[in-house]
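Peer 1: So here's structure_9.txt (compact mmCIF, C-alpha atoms and all ligand atoms).
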# COMPACT_ATOMS: atom_id res chain seq x y z
CA MET A 53 -301.27 -10.77 11.62
CA LYS A 54 -297.71 -11.69 10.68
CA ILE A 55 -296.25 -9.21 8.23
CA LEU A 56 -293.02 -9.09 6.21
CA ILE A 57 -291.66 -5.73 5.01
CA THR A 58 -288.73 -5.80 2.60
CA GLY A 59 -286.79 -2.55 2.49
CA GLY A 60 -287.94 -2.16 6.09
CA ALA A 61 -285.07 0.16 7.05
CA GLY A 62 -285.91 2.59 4.24
CA PHE A 63 -288.17 5.63 4.21
CA ILE A 64 -291.57 4.03 3.53
CA GLY A 65 -290.67 0.73 5.23
CA TYR A 66 -289.78 2.36 8.54
CA HIS A 67 -292.95 4.51 8.63
CA LEU A 68 -295.11 1.57 7.54
CA ALA A 69 -293.66 -0.55 10.35
CA ARG A 70 -294.35 2.20 12.89
CA TYR A 71 -297.92 2.48 11.65
CA LEU A 72 -298.58 -1.28 11.66
CA LEU A 73 -297.20 -1.69 15.18
CA ASN A 74 -300.08 0.45 16.46
CA ASP A 75 -302.17 -2.69 16.03
CA GLU A 76 -301.29 -4.96 18.96
CA ASN A 77 -302.18 -8.03 16.90
CA HIS A 78 -299.40 -7.48 14.38
CA THR A 79 -295.90 -8.97 14.47
CA LEU A 80 -293.41 -7.74 11.90
CA VAL A 81 -290.26 -8.95 10.20
CA LEU A 82 -288.21 -6.24 8.47
CA VAL A 83 -285.59 -7.25 5.91
CA ASP A 84 -283.04 -4.80 4.53
CA ASN A 85 -279.40 -4.97 3.42
CA LEU A 86 -278.87 -1.39 4.70
CA GLN A 87 -277.64 -0.30 1.29
CA ARG A 88 -279.62 2.90 1.75
CA GLY A 89 -281.69 2.52 4.90
CA SER A 90 -279.61 2.78 8.05
CA MET A 91 -279.62 1.49 11.61
CA ASP A 92 -280.10 5.02 12.93
CA GLU A 93 -281.58 6.01 16.28
CA ASP A 94 -285.15 6.05 14.88
CA LEU A 95 -284.88 2.47 13.64
CA GLN A 96 -283.14 1.33 16.83
CA GLU A 97 -285.99 2.85 18.83
CA LEU A 98 -288.55 1.03 16.68
CA LEU A 99 -286.71 -2.28 17.11
CA LYS A 100 -287.09 -2.04 20.91
CA ASN A 101 -290.64 -3.25 20.33
CA SER A 102 -290.65 -7.03 20.91
CA ARG A 103 -293.19 -7.50 18.09
CA VAL A 104 -290.69 -6.51 15.43
CA GLN A 105 -287.65 -8.41 14.20
CA PHE A 106 -284.96 -7.04 11.89
CA ILE A 107 -282.97 -9.21 9.49
CA GLN A 108 -280.04 -7.77 7.56
CA ALA A 109 -279.97 -9.64 4.27
CA ASP A 110 -279.60 -9.17 0.53
CA LEU A 111 -282.77 -10.13 -1.34
CA THR A 112 -280.80 -10.82 -4.51
CA ASP A 113 -279.40 -13.89 -2.73
CA GLN A 114 -282.08 -16.49 -3.40
CA SER A 115 -280.80 -18.85 -0.70
CA PHE A 116 -281.84 -16.28 1.94
CA PHE A 117 -285.51 -17.08 1.37
CA GLN A 118 -285.03 -20.61 2.73
CA SER A 119 -284.43 -19.10 6.18
CA LEU A 120 -287.68 -17.07 6.24
CA PRO A 121 -290.79 -18.22 8.12
CA THR A 122 -293.50 -19.52 5.82
CA ASP A 123 -296.59 -18.25 7.64
CA PHE A 124 -296.82 -14.56 6.73
CA ASP A 125 -300.26 -13.05 6.15
CA HIS A 126 -299.03 -9.95 4.33
CA VAL A 127 -295.82 -9.14 2.44
CA TYR A 128 -294.94 -5.56 1.51
CA HIS A 129 -292.16 -5.64 -1.07
CA LEU A 130 -290.56 -2.20 -0.89
CA ALA A 131 -286.87 -3.03 -1.33
CA ALA A 132 -285.44 -1.40 -4.43
CA VAL A 133 -282.71 0.95 -5.51
CA ASN A 134 -284.31 4.31 -6.18
CA GLY A 135 -283.07 7.91 -6.34
CA THR A 136 -282.30 9.51 -9.71
CA LYS A 137 -278.55 9.73 -9.17
CA TRP A 138 -278.31 5.92 -9.02
CA PHE A 139 -280.13 5.53 -12.36
CA TYR A 140 -277.17 7.32 -13.97
CA LYS A 141 -274.38 5.94 -11.76
CA ILE A 142 -275.28 2.23 -11.61
CA PRO A 143 -278.04 1.53 -14.15
CA ASP A 144 -277.01 -2.14 -14.40
CA GLU A 145 -277.36 -2.60 -10.63
CA VAL A 146 -280.71 -0.80 -10.56
CA LEU A 147 -281.97 -3.29 -13.15
CA ARG A 148 -280.42 -6.32 -11.45
CA ILE A 149 -281.38 -5.57 -7.85
CA ASN A 150 -284.92 -4.35 -8.44
CA THR A 151 -285.82 -7.16 -10.82
CA LEU A 152 -284.04 -10.08 -9.12
CA SER A 153 -285.35 -9.25 -5.65
CA LEU A 154 -288.91 -9.18 -6.99
CA ILE A 155 -288.52 -12.43 -8.93
CA TYR A 156 -287.12 -14.18 -5.84
CA ILE A 157 -289.97 -12.88 -3.66
CA LEU A 158 -292.51 -14.19 -6.18
CA GLU A 159 -290.70 -17.51 -6.58
CA TRP A 160 -290.68 -17.89 -2.77
CA ILE A 161 -294.38 -16.98 -2.33
CA LYS A 162 -295.26 -19.38 -5.15
CA THR A 163 -293.95 -22.29 -3.06
CA LEU A 164 -295.78 -21.41 0.17
CA PRO A 165 -298.72 -23.61 1.15
CA ARG A 166 -300.73 -20.57 2.30
CA LYS A 167 -300.06 -17.59 0.04
CA PRO A 168 -299.64 -14.24 1.82
CA LYS A 169 -301.13 -11.15 0.20
CA LEU A 170 -298.42 -9.17 -1.59
CA CYS A 171 -298.09 -5.41 -1.99
CA PHE A 172 -295.67 -4.36 -4.75
CA THR A 173 -294.59 -0.72 -4.78
CA SER A 174 -294.36 0.42 -8.37
CA SER A 175 -293.97 4.15 -9.10
CA ASN A 176 -295.36 7.04 -11.11
CA GLU A 177 -292.05 6.65 -12.98
CA ALA A 178 -293.62 3.62 -14.70
CA TYR A 179 -295.68 5.98 -16.83
CA ALA A 180 -293.39 9.04 -16.78
CA GLY A 181 -291.81 7.86 -20.07
CA ALA A 182 -295.23 8.04 -21.72
CA ILE A 183 -295.28 11.78 -21.06
CA GLU A 184 -291.91 12.11 -22.82
CA ALA A 185 -293.01 9.86 -25.71
CA PHE A 186 -296.49 11.30 -26.31
CA GLY A 187 -296.00 14.89 -25.12
CA GLN A 188 -298.75 14.67 -22.55
CA LEU A 189 -301.04 12.37 -20.60
CA PRO A 190 -304.51 12.99 -19.23
CA ILE A 191 -304.50 15.23 -16.16
CA PRO A 192 -305.31 13.95 -13.61
CA THR A 193 -303.55 10.77 -14.72
CA PRO A 194 -305.46 7.50 -14.14
CA GLU A 195 -303.90 4.08 -13.53
CA ASN A 196 -304.65 2.69 -16.99
CA VAL A 197 -302.37 4.96 -19.08
CA PRO A 198 -299.70 3.22 -21.22
CA LEU A 199 -296.45 2.35 -19.48
CA VAL A 200 -293.65 3.39 -21.79
CA ILE A 201 -289.87 3.40 -21.90
CA SER A 202 -289.29 6.25 -24.32
CA ASP A 203 -285.56 5.57 -24.82
CA VAL A 204 -283.96 2.28 -23.73
CA TYR A 205 -280.48 3.80 -24.15
CA ASN A 206 -281.19 6.50 -21.57
CA PRO A 207 -280.15 5.26 -18.08
CA ARG A 208 -282.76 7.53 -16.53
CA TRP A 209 -285.40 4.98 -17.51
CA THR A 210 -283.76 1.89 -15.96
CA TYR A 211 -285.69 2.31 -12.71
CA ALA A 212 -288.93 2.91 -14.61
CA GLY A 213 -288.17 -0.23 -16.62
CA THR A 214 -287.95 -2.30 -13.43
CA LYS A 215 -291.30 -0.94 -12.24
CA LEU A 216 -292.95 -1.57 -15.61
CA ILE A 217 -291.73 -5.17 -15.88
CA GLY A 218 -292.27 -5.54 -12.12
CA GLU A 219 -295.97 -4.78 -12.53
CA GLN A 220 -296.19 -7.45 -15.22
CA PHE A 221 -294.35 -10.00 -13.06
CA VAL A 222 -296.75 -9.40 -10.18
CA ILE A 223 -299.87 -9.49 -12.35
CA PHE A 224 -298.99 -12.77 -14.04
CA TYR A 225 -297.46 -14.60 -11.04
CA ALA A 226 -300.59 -13.63 -9.11
CA GLN A 227 -302.81 -14.94 -11.89
CA THR A 228 -300.86 -18.16 -12.50
CA HIS A 229 -300.11 -19.09 -8.89
CA HIS A 230 -303.21 -17.66 -7.18
CA ILE A 231 -301.30 -15.11 -5.13
CA PRO A 232 -303.48 -12.34 -3.68
CA ALA A 233 -301.71 -9.10 -4.55
CA ILE A 234 -301.98 -5.39 -5.15
CA ILE A 235 -299.75 -2.94 -7.02
CA VAL A 236 -299.49 0.57 -5.61
CA ARG A 237 -297.93 3.54 -7.37
CA PRO A 238 -296.64 6.03 -4.79
CA HIS A 239 -296.67 9.68 -5.93
CA ASN A 240 -294.14 11.89 -4.14
CA PHE A 241 -294.33 10.72 -0.56
CA TYR A 242 -292.50 13.04 1.85
CA GLY A 243 -291.79 13.25 5.57
CA PRO A 244 -289.07 12.72 8.15
CA ARG A 245 -286.23 10.26 7.48
CA ALA A 246 -286.60 10.30 3.69
CA GLY A 247 -282.89 10.69 2.92
CA TYR A 248 -281.40 13.97 1.73
CA ASP A 249 -281.84 13.82 -2.05
CA HIS A 250 -285.46 14.78 -2.72
CA VAL A 251 -286.66 18.36 -3.05
CA ILE A 252 -288.20 18.84 0.41
CA PRO A 253 -285.24 17.35 2.36
CA GLU A 254 -282.84 19.34 0.14
CA TRP A 255 -284.68 22.56 0.89
CA CYS A 256 -284.79 21.75 4.62
CA THR A 257 -280.98 21.57 4.47
CA LYS A 258 -280.66 24.78 2.44
CA ILE A 259 -282.99 26.64 4.80
CA THR A 260 -281.09 25.40 7.86
CA GLN A 261 -277.89 26.63 6.19
CA LYS A 262 -279.65 29.93 5.27
CA MET A 263 -278.64 29.61 1.61
CA ASP A 264 -278.90 33.07 0.04
CA PRO A 265 -279.41 33.56 -2.91
CA PHE A 266 -281.75 30.58 -2.74
CA VAL A 267 -281.45 28.38 -5.84
CA LEU A 268 -284.90 27.56 -7.20
CA TYR A 269 -285.37 25.27 -10.20
CA SER A 270 -288.57 25.24 -12.29
CA PRO A 271 -290.43 27.79 -10.11
CA GLU A 272 -293.64 27.60 -12.16
CA GLU A 273 -293.90 23.79 -12.38
CA THR A 274 -296.55 22.22 -10.17
CA ARG A 275 -296.27 19.09 -8.06
CA THR A 276 -298.27 17.30 -5.38
CA PHE A 277 -296.90 15.84 -2.13
CA CYS A 278 -298.38 13.11 0.05
CA TYR A 279 -297.38 13.01 3.71
CA ILE A 280 -295.90 9.68 4.76
CA THR A 281 -298.40 8.87 7.53
CA ASP A 282 -301.26 9.32 5.04
CA ALA A 283 -299.36 7.16 2.54
CA VAL A 284 -298.69 4.19 4.83
CA ARG A 285 -302.25 4.32 6.15
CA ALA A 286 -303.42 4.01 2.54
CA MET A 287 -301.13 1.02 1.92
CA SER A 288 -302.31 -0.77 5.04
CA MET A 289 -305.99 -0.07 4.35
CA LEU A 290 -305.60 -1.38 0.80
CA MET A 291 -303.97 -4.58 2.03
CA ASP A 292 -306.64 -5.11 4.71
CA SER A 293 -309.60 -4.46 2.44
CA PRO A 294 -311.44 -7.36 0.74
CA ALA A 295 -312.29 -4.83 -1.99
CA THR A 296 -308.75 -5.27 -3.35
CA ASN A 297 -309.06 -9.07 -3.66
CA THR A 298 -309.90 -8.88 -7.34
CA GLU A 299 -308.99 -10.73 -10.51
CA PRO A 300 -307.02 -9.35 -12.19
CA ILE A 301 -305.23 -7.76 -9.25
CA PRO A 302 -305.69 -4.00 -8.89
CA THR A 303 -303.15 -1.24 -9.56
CA ILE A 304 -303.78 1.80 -7.40
CA HIS A 305 -302.40 5.32 -7.25
CA ILE A 306 -301.59 6.77 -3.84
CA GLY A 307 -301.04 10.51 -3.81
CA ASN A 308 -302.39 13.91 -2.96
CA THR A 309 -304.28 16.12 -5.41
CA ASP A 310 -303.43 19.54 -3.91
CA GLU A 311 -301.18 21.05 -6.57
CA ILE A 312 -298.57 23.63 -5.68
CA THR A 313 -295.94 25.45 -7.75
CA MET A 314 -292.34 25.03 -6.71
CA ARG A 315 -292.24 28.76 -5.97
CA ASP A 316 -295.24 28.52 -3.62
CA LEU A 317 -293.76 25.42 -1.98
CA ALA A 318 -290.59 27.38 -1.24
CA GLU A 319 -292.62 30.31 0.15
CA LYS A 320 -294.60 27.92 2.35
CA MET A 321 -291.39 26.45 3.74
CA PHE A 322 -289.95 29.92 4.42
CA ALA A 323 -293.14 30.89 6.28
CA ILE A 324 -293.05 27.72 8.39
CA THR A 325 -289.36 28.07 9.21
CA GLU A 326 -289.61 31.86 9.78
CA TRP A 327 -286.65 32.56 7.52
CA HIS A 328 -286.65 34.11 4.05
CA PRO A 329 -283.74 34.59 1.65
CA GLN A 330 -283.00 38.10 0.37
CA THR A 331 -282.73 36.93 -3.24
CA PHE A 332 -283.44 33.95 -5.48
CA ASN A 333 -281.29 32.34 -8.13
CA GLU A 334 -284.04 31.06 -10.42
CA GLN A 335 -283.11 28.33 -12.87
CA PRO A 336 -285.18 27.04 -15.81
CA SER A 337 -286.52 23.49 -15.80
CA PRO A 338 -284.06 20.81 -16.90
CA ALA A 339 -284.78 19.46 -20.42
CA GLY A 340 -287.66 16.97 -20.40
CA SER A 341 -288.96 18.12 -17.05
CA VAL A 342 -292.74 17.70 -16.75
CA LYS A 343 -294.65 20.95 -16.11
CA ARG A 344 -297.46 19.34 -14.21
CA ARG A 345 -297.90 15.94 -12.55
CA LEU A 346 -301.17 15.00 -10.96
CA ALA A 347 -302.36 11.50 -10.08
CA ASP A 348 -306.00 10.55 -10.40
CA ILE A 349 -306.89 9.05 -6.98
CA THR A 350 -310.56 8.32 -7.71
CA LYS A 351 -309.89 4.58 -7.62
CA ILE A 352 -308.49 4.46 -4.08
CA LYS A 353 -311.30 6.73 -2.85
CA ASN A 354 -313.91 4.45 -4.37
CA LEU A 355 -312.25 1.23 -3.19
CA ILE A 356 -311.56 2.06 0.45
CA GLY A 357 -312.70 5.64 1.05
CA TRP A 358 -309.14 6.86 1.75
CA GLU A 359 -308.33 10.56 1.55
CA PRO A 360 -305.19 12.39 2.63
CA GLN A 361 -305.65 13.98 6.07
CA ILE A 362 -302.41 15.82 6.78
CA SER A 363 -302.22 19.32 5.28
CA LEU A 364 -299.06 20.37 3.46
CA ASP A 365 -298.38 22.97 6.18
CA GLU A 366 -298.58 20.37 8.93
CA GLY A 367 -296.53 17.80 7.01
CA LEU A 368 -293.83 20.34 6.16
CA ARG A 369 -293.68 21.49 9.78
CA GLN A 370 -293.12 17.94 11.03
CA THR A 371 -290.62 17.21 8.25
CA PHE A 372 -288.59 20.37 8.87
CA THR A 373 -288.49 19.71 12.62
CA TRP A 374 -286.98 16.28 11.97
CA TYR A 375 -284.43 17.56 9.44
CA ARG A 376 -283.38 20.43 11.73
CA GLU A 377 -282.60 17.82 14.41
CA HIS A 378 -280.94 15.46 11.91
CA PRO A 379 -278.81 17.65 9.60
CA LYS A 380 -277.03 16.07 6.67
CA SER A 381 -273.59 14.90 7.88
N1 LIG B 401 -290.73 7.46 -1.67
C1 LIG B 401 -291.52 7.65 -2.73
O1 LIG B 401 -292.18 8.69 -2.88
C2 LIG B 401 -291.65 6.56 -3.78
C3 LIG B 401 -292.20 6.91 -5.01
C4 LIG B 401 -292.35 5.92 -5.97
C5 LIG B 401 -292.00 4.60 -5.69
N2 LIG B 401 -291.45 4.28 -4.48
C6 LIG B 401 -291.08 2.87 -4.25
O2 LIG B 401 -291.40 2.48 -2.91
C7 LIG B 401 -290.41 1.58 -2.40
C8 LIG B 401 -289.83 2.12 -1.12
O3 LIG B 401 -289.30 3.42 -1.37
P1 LIG B 401 -288.51 4.26 -0.28
O4 LIG B 401 -288.74 5.69 -0.60
O5 LIG B 401 -288.80 3.75 1.06
O6 LIG B 401 -287.02 3.89 -0.69
P2 LIG B 401 -285.74 3.64 0.25
O7 LIG B 401 -284.54 3.67 -0.63
O8 LIG B 401 -285.78 4.57 1.41
O9 LIG B 401 -285.99 2.15 0.78
C9 LIG B 401 -285.65 1.02 0.03
C10 LIG B 401 -284.88 0.10 0.96
O10 LIG B 401 -284.55 -1.10 0.23
C11 LIG B 401 -283.28 -1.54 0.68
N3 LIG B 401 -282.70 -2.42 -0.32
C12 LIG B 401 -282.22 -2.10 -1.56
N4 LIG B 401 -281.73 -3.19 -2.16
C13 LIG B 401 -281.90 -4.23 -1.31
C14 LIG B 401 -281.57 -5.61 -1.37
N5 LIG B 401 -280.95 -6.15 -2.45
N6 LIG B 401 -281.86 -6.40 -0.31
C15 LIG B 401 -282.45 -5.89 0.80
N7 LIG B 401 -282.78 -4.58 0.90
C16 LIG B 401 -282.50 -3.76 -0.13
C17 LIG B 401 -282.48 -0.25 0.89
O11 LIG B 401 -281.38 -0.42 1.78
C18 LIG B 401 -283.55 0.70 1.43
O12 LIG B 401 -283.51 0.75 2.85
C19 LIG B 401 -289.39 1.39 -3.52
O13 LIG B 401 -289.69 0.22 -4.24
C20 LIG B 401 -289.57 2.61 -4.39
O14 LIG B 401 -289.20 2.36 -5.72
C21 LIG B 401 -291.25 5.24 -3.52
Take the structure in the file and give it back as structure tokens.
Peer 2:
Amino acid sequence: MKILITGGAGFIGYHLARYLLNDENHTLVLVDNLQRGSMDEDLQELLKNSRVQFIQADLTDQSFFQSLPTDFDHVYHLAAVNGTKWFYKIPDEVLRINTLSLIYILEWIKTLPRKPKLCFTSSNEAYAGAIEAFGQLPIPTPENVPLVISDVYNPRWTYAGTKLIGEQFVIFYAQTHHIPAIIVRPHNFYGPRAGYDHVIPEWCTKITQKMDPFVLYSPEETRTFCYITDAVRAMSMLMDSPATNTEPIPTIHIGNTDEITMRDLAEKMFAITEWHPQTFNEQPSPAGSVKRRLADITKIKNLIGWEPQISLDEGLRQTFTWYREHPKS
């Protein structure tokens, strides 16, 4: 199969490429402008495989699409600006880049004689505004809850806005132009090479630096974490399965249902790394923070029989090992 991955130098894109290359029949093209993903030693190692090609390009330049091959079987559109700090720093760019790149992908696929199957990565952020607007959502949260921007003046919701409108773009381009497609909503994927801004990478850094007192926000809030190899296996299985060739196209949560409090997560990481701070500096949750987030993953289980396989202990061990060898510079 010939597969295109946009955002291929990023966290999910890199791990997805590694996973797909296990199948000798696959050839891959990765496109990324290296705005966030980098040509680090991991990516360079991956690119030694002759079945993968890397193209550095900006997907908001529509003319780029003229240079792409036209015979892809699958397209994973992962390129986007994400990371909360960017929502506040460059909300206009978050809106422009995420929306334009998706529109150009869809406009390009629309013209192809044989339409590849498209995977669009939305986010649990698409419905996070509904929690703020309505106070709560069903727990576990199914795919069909309302997608809401609770305050259009708040830059925090720009990214969510691009995922919300992005889902609509994909649904109606697919319907109008007969493009096979799926929408996935990743829920807290973690693992090696995920940048340094999310909670687990941040704590890997703090533990390596032996931060004491250890600053701990929202210790009683619960979260779930899905290890990256489980996540990309789910994405690939969904794309390969005829069960996802439906009209209308399906929207599917990918996540783990093992809930853990932030305090217990910290304790787990201390146990794995065999270091424990003497004291904690506990901080309350920031305003608007959600006490509990839990995705309903019944749909993916029923569709393709996927379940997470990597335990949190194992995933954290592998993640910490990588971050210890690749400290934040
Ligand atoms: N990681 C998660 O848990 C998570 C959760 C929810 C949604 N998602 C979504 O999954 C997708 C992949 O996420 P990720 O964690 O790998 O993010 P990432 O930031 O690591 O990867 C995105 C990649 O897109 C590239 N990119 C950005 N703008 C581009 C442009 N104009 N042209 C070409 N490349 C461009 C970046 O350089 C980066 O390498 C994103 O769409 C994200 O919104 C991820």
Peer 1: With only C-alpha atoms as the basis for distance, which of A:Asn240, A:Thr276, A:Ser174, A:Thr257 is at the shortest distance from A:Ala131?
Peer 2: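 Nearest candidate to A:Ala131 out of A:Asn240, A:Thr276, A:Ser174, A:Thr257: A:Ser174.
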Peer 1: Could you state the separation of atom CA of A:Pro143 and atom O12 of ligand LIG 401 (chain B) in Å, given to one decimal place?
Peer 2: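 Taking atom CA of A:Pro143 and atom O12 of ligand LIG 401 (chain B), their separation equals 17.9 Å.
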Peer 1: Please list as a ChimeraX atom specification every residue within 10 Å of A:Ile259, counting only C-alpha atoms and excluding residues in the same chain fewer than 2 positions away.
Peer 2: /A:253-257,261-264,266,318,321-322,325-329,372,376
Peer 1: Select all residues near (-279.8, -4.3, -10.0) (cut-off 12 Å, inclusive, file coordinates), counting all atoms listed in the file, and output them as an MDAnalysis selection string.
Peer 2: chainID A and resid 110:112 131:134 138:139 141:155 210:211 213:214
Peer 1: Could you list, as an MDAnalysis selection string, every residue within 10 Å of stretch 360-368 of chain A, counting all atoms listed in the file and ignoring same-chain residues fewer than 2 positions away?
Peer 2: chainID A and resid 242:244 252:253 256 276:283 285:286 306:310 312 317 320:321 323:325 353 358 370:374
Peer 1: Counting only C-alpha atoms and all ligand atoms, give me one row per residue of chain A with an atom at most 8 Å from an atom of ligand LIG 401 (chain B), showing the shortest contact pair and its distance in Å to one decimal, sorted by chain then residue number, as CSV.
Peer 2:
residue,atom,partner,partner_atom,distance
A:Thr58,CA,B:LIG401,N7,6.3
A:Gly59,CA,B:LIG401,O10,3.5
A:Gly60,CA,B:LIG401,O12,6.2
A:Ala61,CA,B:LIG401,O12,4.5
A:Gly62,CA,B:LIG401,O12,3.3
A:Phe63,CA,B:LIG401,O5,3.7
A:Ile64,CA,B:LIG401,O5,3.7
A:Gly65,CA,B:LIG401,O5,5.5
A:Tyr66,CA,B:LIG401,O5,7.7
A:Val83,CA,B:LIG401,C15,6.1
A:Asp84,CA,B:LIG401,N7,3.6
A:Asn85,CA,B:LIG401,C15,4.1
A:Leu86,CA,B:LIG401,O11,4.0
A:Gln87,CA,B:LIG401,O11,3.8
A:Arg88,CA,B:LIG401,O11,3.8
A:Gly89,CA,B:LIG401,O12,3.3
A:Ser90,CA,B:LIG401,O12,6.8
A:Gln108,CA,B:LIG401,C15,7.4
A:Ala109,CA,B:LIG401,C15,5.7
A:Asp110,CA,B:LIG401,N6,3.7
A:Leu111,CA,B:LIG401,N6,4.0
A:Thr112,CA,B:LIG401,N5,5.1
A:Asp113,CA,B:LIG401,N5,7.9
A:His129,CA,B:LIG401,O13,7.1
A:Leu130,CA,B:LIG401,C7,4.1
A:Ala131,CA,B:LIG401,O10,3.4
A:Ala132,CA,B:LIG401,C12,4.4
A:Val133,CA,B:LIG401,C12,5.0
A:Asn134,CA,B:LIG401,O14,5.3
A:Gly135,CA,B:LIG401,O7,7.3
A:Ile149,CA,B:LIG401,N5,5.4
A:Asn150,CA,B:LIG401,N4,7.1
A:Ser153,CA,B:LIG401,N5,6.3
A:Phe172,CA,B:LIG401,O13,7.5
A:Thr173,CA,B:LIG401,O2,4.9
A:Ser174,CA,B:LIG401,C5,5.5
A:Ser175,CA,B:LIG401,C4,3.9
A:Asn176,CA,B:LIG401,C4,6.1
A:Glu177,CA,B:LIG401,C4,7.1
A:Tyr211,CA,B:LIG401,O14,7.8
A:Lys215,CA,B:LIG401,O14,7.6
A:Arg237,CA,B:LIG401,C4,6.2
A:Pro238,CA,B:LIG401,C4,4.5
A:His239,CA,B:LIG401,C3,5.3
A:Asn240,CA,B:LIG401,O1,4.0
A:Phe241,CA,B:LIG401,O1,3.8
A:Tyr242,CA,B:LIG401,O1,6.4
A:Ala246,CA,B:LIG401,O8,6.2
A:Gly247,CA,B:LIG401,O8,6.9
Peer 1: Could you tell me which of A:Lys343, A:His250, A:Lys351, A:Arg166 comes closest to A:Thr296 if we count only C-alpha atoms?
Peer 2: A:Lys351
Peer 1: Rounded to one decimal in Å, what is the spacing between atom CA of A:Pro121 and atom CA of A:His67?
Peer 2: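 Value for the atom CA of A:Pro121-atom CA of A:His67 distance: 22.8 Å.
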Peer 1: Can you tell me, as a ChimeraX atom specification, what residues are no more than 12 Å from A:Ser102 when counting all atoms listed in the file, ignoring any on the same chain fewer than 5 positions away?
Peer 2: /A:73,76,78-81,96-97
Peer 1: Considering all atoms listed in the file, state which residue in the set A:Ala212, A:Leu346, A:Ile304, A:Ala233 is at the smallest distance from A:Arg275.
Peer 2: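 Of A:Ala212, A:Leu346, A:Ile304, A:Ala233, the one nearest A:Arg275 is A:Leu346, counting all atoms listed in the file.
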Peer 1: Show me, as a list in words, the residues that have an atom within 9 Å of A:Pro198 when counting all atoms listed in the file, minus same-chain residues fewer than 3 positions from it.
Peer 2: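 Final neighbour list, sorted by chain and number: Ala178, Tyr179, Ala182 and Glu195 of chain A.
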Peer 1: For a cutoff of 9 Å around the file-coordinate point (-302.8, -2.6, 2.1), which residues qualify once you count all atoms listed in the file? I'd like the result as a PyMOL selection string.
Peer 2: chain A and resi 126+128+169-171+234+236+284-293+296
Peer 1: Would you mind telling me which residue in A:Ala295, A:Gly187, A:Thr274, A:His305 lies nearest to A:Ile349 when using only C-alpha atoms?
Peer 2: A:His305
Peer 1: What is the distance, in Å and to one decimal place, between atom CA of A:Phe117 and atom CA of A:Asn74?
Peer 2: 27.3 Å
Peer 1: Check the smallest atom-to-atom distance from each of A:Ala180, A:Lys380, A:Arg369, A:Gly218 to A:Val200 using all atoms listed in the file, then report the winner.
Peer 2: A:Ala180
Peer 1: Identify which of the residues A:Glu311, A:Thr331, A:Asp316, A:Ala69 lies closest to A:Ile191, counting only C-alpha atoms when measuring atom-to-atom distances.
Peer 2: A:Glu311
Peer 1: What are the centre and edge lengths in Å, to one decimal, of the axis-aligned box around all listed atoms of stretch 54-65 of chain A with 6 Å added on each side, as AutoDock Vina command-line options?
Peer 2:
--center_x -291.4 --center_y -3.0 --center_z 6.6 --size_x 24.6 --size_y 29.3 --size_z 20.2
Peer 1: Would you list the contacts of A:Gln335 as a list of chain:residue names, taking every protein, DNA or RNA residue within 7 Å and counting only C-alpha atoms, but skipping same-chain residues closer than 5 positions in sequence?
Peer 2: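 Near neighbours after the sequence-gap exclusion: A:Leu268, A:Tyr269, A:Ser270.
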Peer 1: Residues as selected, C-alpha atoms, written as a PDB file, keeping the file's coordinate frame, can you do that?
Peer 2:
ATOM      1  CA  LEU A 268    -284.900  27.560  -7.200  1.00  0.00           C
ATOM      2  CA  TYR A 269    -285.370  25.270 -10.200  1.00  0.00           C
ATOM      3  CA  SER A 270    -288.570  25.240 -12.290  1.00  0.00           C
TER       4      SER A 270
END
Peer 1: Because the input lacks atoms here, generate N, CA and C atoms for stretch 90-98 of chain A and report them as a PDB file, in the frame of the given file.
Peer 2:
ATOM      1  N   SER A  90    -280.699   2.926   7.086  1.00  0.00           N
ATOM      2  CA  SER A  90    -279.610   2.780   8.050  1.00  0.00           C
ATOM      3  C   SER A  90    -280.145   2.440   9.430  1.00  0.00           C
ATOM      4  N   MET A  91    -279.266   1.858  10.236  1.00  0.00           N
ATOM      5  CA  MET A  91    -279.620   1.490  11.610  1.00  0.00           C
ATOM      6  C   MET A  91    -279.447   2.730  12.484  1.00  0.00           C
ATOM      7  N   ASP A  92    -280.240   3.755  12.199  1.00  0.00           N
ATOM      8  CA  ASP A  92    -280.100   5.020  12.930  1.00  0.00           C
ATOM      9  C   ASP A  92    -280.914   4.953  14.235  1.00  0.00           C
ATOM     10  N   GLU A  93    -280.918   6.059  14.958  1.00  0.00           N
ATOM     11  CA  GLU A  93    -281.580   6.010  16.280  1.00  0.00           C
ATOM     12  C   GLU A  93    -283.088   5.780  16.150  1.00  0.00           C
ATOM     13  N   ASP A  94    -283.705   6.275  15.066  1.00  0.00           N
ATOM     14  CA  ASP A  94    -285.150   6.050  14.880  1.00  0.00           C
ATOM     15  C   ASP A  94    -285.443   4.556  14.712  1.00  0.00           C
ATOM     16  N   LEU A  95    -284.638   3.902  13.873  1.00  0.00           N
ATOM     17  CA  LEU A  95    -284.880   2.470  13.640  1.00  0.00           C
ATOM     18  C   LEU A  95    -284.553   1.668  14.907  1.00  0.00           C
ATOM     19  N   GLN A  96    -283.486   2.046  15.583  1.00  0.00           N
ATOM     20  CA  GLN A  96    -283.140   1.330  16.830  1.00  0.00           C
ATOM     21  C   GLN A  96    -284.279   1.448  17.852  1.00  0.00           C
ATOM     22  N   GLU A  97    -284.876   2.625  17.909  1.00  0.00           N
ATOM     23  CA  GLU A  97    -285.990   2.850  18.830  1.00  0.00           C
ATOM     24  C   GLU A  97    -287.169   1.928  18.461  1.00  0.00           C
ATOM     25  N   LEU A  98    -287.459   1.875  17.161  1.00  0.00           N
ATOM     26  CA  LEU A  98    -288.550   1.030  16.680  1.00  0.00           C
ATOM     27  C   LEU A  98    -288.307  -0.442  17.034  1.00  0.00           C
TER      28      LEU A  98
END
